[in-house]
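**Q** Have a look at this one before I ask anything.
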Amino acid sequence: MTKKESKKDVPKKSSKKKVKPSSLVLDSLNKAFGEESVIKMRDAKPLDIVPTGHDSIDYGVLGIGGIPKGYFIEIYGKEKVGKTSLILSVIASCQKNDIVPIILDPKLSIADDITRAERIGVDLDETIM
């Protein structure tokens with residue numbers, strides 16, 4: 001404080017707690033869409049992960065140890081790059097972990113490869129397409 005200023009001239013800090021903008025948005029969205037429809041990132045629960053069976057993909061590419069359980073996962077890419085093999089490995093990994101995978105394959109391209117599926121470890125009787 002300078003000599004000219006007095007204690008009366010210095011603004012007092014507000015005793016009210018400042019509300020963060022994220023809290024306002026969070027409250028508004030939860031009110032509109034239901035409790036816990038949105039949450040703060042810090043409050044997010046860890047994902048259940050299903051390994052693909054390939055560590056280089058699980059940790060090197062995906063970085064979380066596999067594919068999140070309960071999500072729709074789309075595998076796409078150029079021909080002959082290993083999409084079907086990856087999918088079959090994930091199916092086998094799910095089955096080893098007592099998870100029933102559901103495959104949406106309109107072209108039935110996976111169904112054409114039964115021999116490879118069995119070789120990779122897919123239980124054909126427990127695979128739903």
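Ligands are numbered from 1 in the order shown, residues from 1 within each chain, and chains are lettered A, B, ... in the order they appear in the structure tokens.
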Just list as number ranges by chain whatever in chain A DSSP marks as helix (DSSP H, G or I).
**A** A: 21-33, 41-43, 55-61, 83-96, 111-120, 124-126
**Q** Give me the residues within 7 Å of region 53-69 of chain A as a ChimeraX atom specification, counting only C-alpha atoms and dropping any in the same chain fewer than 2 places off.
**A** /A:47-51,71,89-90,93
**Q** Report the residues of region 46-128 of chain A whose backbone DSSP state falls under strand (DSSP E or B), written as JSON, numbers by chain.
**A** {"A": [49, 50, 67, 68, 102, 128]}
**Q** Of the candidates A:Asn30, A:Thr127, A:Ser22, A:Thr115, which shows the shortest atom-to-atom distance to Asp98 (chain A), using only C-alpha atoms?
**A**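 Residue with the minimum atom-to-atom distance to Asp98 (chain A): A:Thr127.
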**Q** With only C-alpha atoms as the counted atoms, please give the residues lying no more than 12 Å from Val25 (chain A), apart from itself and same-chain residues fewer than 6 positions off, as a list in words.
**A**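 Non-adjacent residues within range: Val19, Lys31, Ala32, Val38, Ile39 and Lys40 of chain A.
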**Q** Write the residues of the preceding selection, restricted to N, CA and C atoms, as a short mmCIF file (atom, residue, chain, number, x, y, z; two decimals), in the first residue's frame.
**A**
data_model
loop_
_atom_site.label_atom_id
_atom_site.label_comp_id
_atom_site.auth_asym_id
_atom_site.auth_seq_id
_atom_site.Cartn_x
_atom_site.Cartn_y
_atom_site.Cartn_z
N VAL A 19 -17.94 -19.96 -8.14
CA VAL A 19 -18.37 -21.19 -8.79
C VAL A 19 -17.64 -21.31 -10.11
N LYS A 31 -28.97 -31.85 -14.89
CA LYS A 31 -30.37 -31.51 -14.66
C LYS A 31 -31.21 -31.83 -15.90
N ALA A 32 -30.66 -31.55 -17.08
CA ALA A 32 -31.39 -31.77 -18.33
C ALA A 32 -31.46 -33.25 -18.72
N VAL A 38 -23.27 -36.80 -17.37
CA VAL A 38 -21.92 -36.29 -17.63
C VAL A 38 -21.22 -36.17 -16.29
N ILE A 39 -19.91 -36.35 -16.31
CA ILE A 39 -19.13 -36.26 -15.09
C ILE A 39 -17.83 -35.53 -15.39
N LYS A 40 -17.13 -35.14 -14.36
CA LYS A 40 -15.81 -34.56 -14.54
C LYS A 40 -14.82 -35.69 -14.82
#
**Q** Return the single residue from A:Gly70, A:Pro106, A:Pro46, A:Gly121 that is closest to Leu88 (chain A), with distances computed using only C-alpha atoms.
**A**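 When distances to Leu88 (chain A) are compared using only C-alpha atoms, the smallest one comes from A:Gly121.
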**Q** Which neighbours of Tyr76 (chain A) fall inside 12 Å, counting only C-alpha atoms, when residues of the same chain fewer than 5 positions from it are skipped, and could you give them as a PyMOL selection string?
**A** chain A and resi 81-84+86-87+105
**Q** Could you dump the residues just selected with all heavy atoms as a compact mmCIF listing (two decimals), in the first residue's frame?
**A**
# COMPACT_ATOMS: atom_id res chain seq x y z
N VAL A 81 -4.59 -56.58 -44.66
CA VAL A 81 -3.69 -56.01 -43.64
C VAL A 81 -3.85 -56.68 -42.28
O VAL A 81 -3.16 -56.30 -41.34
CB VAL A 81 -3.87 -54.48 -43.51
CG1 VAL A 81 -3.46 -53.78 -44.77
CG2 VAL A 81 -5.27 -54.11 -43.09
N GLY A 82 -4.77 -57.64 -42.15
CA GLY A 82 -4.91 -58.38 -40.90
C GLY A 82 -6.13 -58.04 -40.07
O GLY A 82 -6.19 -58.38 -38.89
N LYS A 83 -7.12 -57.40 -40.68
CA LYS A 83 -8.33 -57.02 -39.92
C LYS A 83 -9.05 -58.25 -39.38
O LYS A 83 -9.39 -58.30 -38.20
CB LYS A 83 -9.29 -56.20 -40.79
CG LYS A 83 -8.75 -54.87 -41.25
CD LYS A 83 -9.75 -54.10 -42.07
CE LYS A 83 -10.20 -54.80 -43.32
NZ LYS A 83 -9.22 -54.93 -44.39
N THR A 84 -9.24 -59.25 -40.23
CA THR A 84 -9.96 -60.45 -39.80
C THR A 84 -9.18 -61.19 -38.73
O THR A 84 -9.76 -61.65 -37.73
CB THR A 84 -10.24 -61.37 -41.01
OG1 THR A 84 -11.02 -60.64 -41.96
CG2 THR A 84 -11.02 -62.61 -40.59
N LEU A 86 -7.10 -59.93 -36.56
CA LEU A 86 -7.23 -59.15 -35.33
C LEU A 86 -8.59 -59.39 -34.68
O LEU A 86 -8.67 -59.65 -33.47
CB LEU A 86 -7.05 -57.66 -35.61
CG LEU A 86 -7.31 -56.71 -34.43
CD1 LEU A 86 -6.35 -57.00 -33.29
CD2 LEU A 86 -7.21 -55.27 -34.88
N ILE A 87 -9.64 -59.35 -35.47
CA ILE A 87 -10.98 -59.56 -34.93
C ILE A 87 -11.10 -60.96 -34.33
O ILE A 87 -11.64 -61.12 -33.23
CB ILE A 87 -12.04 -59.33 -36.03
CG1 ILE A 87 -12.07 -57.86 -36.42
CG2 ILE A 87 -13.42 -59.80 -35.57
CD1 ILE A 87 -12.81 -57.57 -37.71
N ASP A 105 -21.35 -58.22 -38.71
CA ASP A 105 -20.56 -58.41 -39.92
C ASP A 105 -21.52 -58.59 -41.10
O ASP A 105 -21.79 -59.72 -41.51
CB ASP A 105 -19.65 -59.63 -39.75
CG ASP A 105 -18.74 -59.87 -40.94
OD1 ASP A 105 -18.54 -58.93 -41.75
OD2 ASP A 105 -18.23 -60.99 -41.06
**Q** Report as a PyMOL selection string all protein, DNA and RNA residues lying within 12 Å of Leu124 (chain A), evaluated on only C-alpha atoms, omitting residues in the same chain fewer than 3 positions from it.
**A** chain A and resi 88+91-92+95+100-101+110-111+113-121+127-129
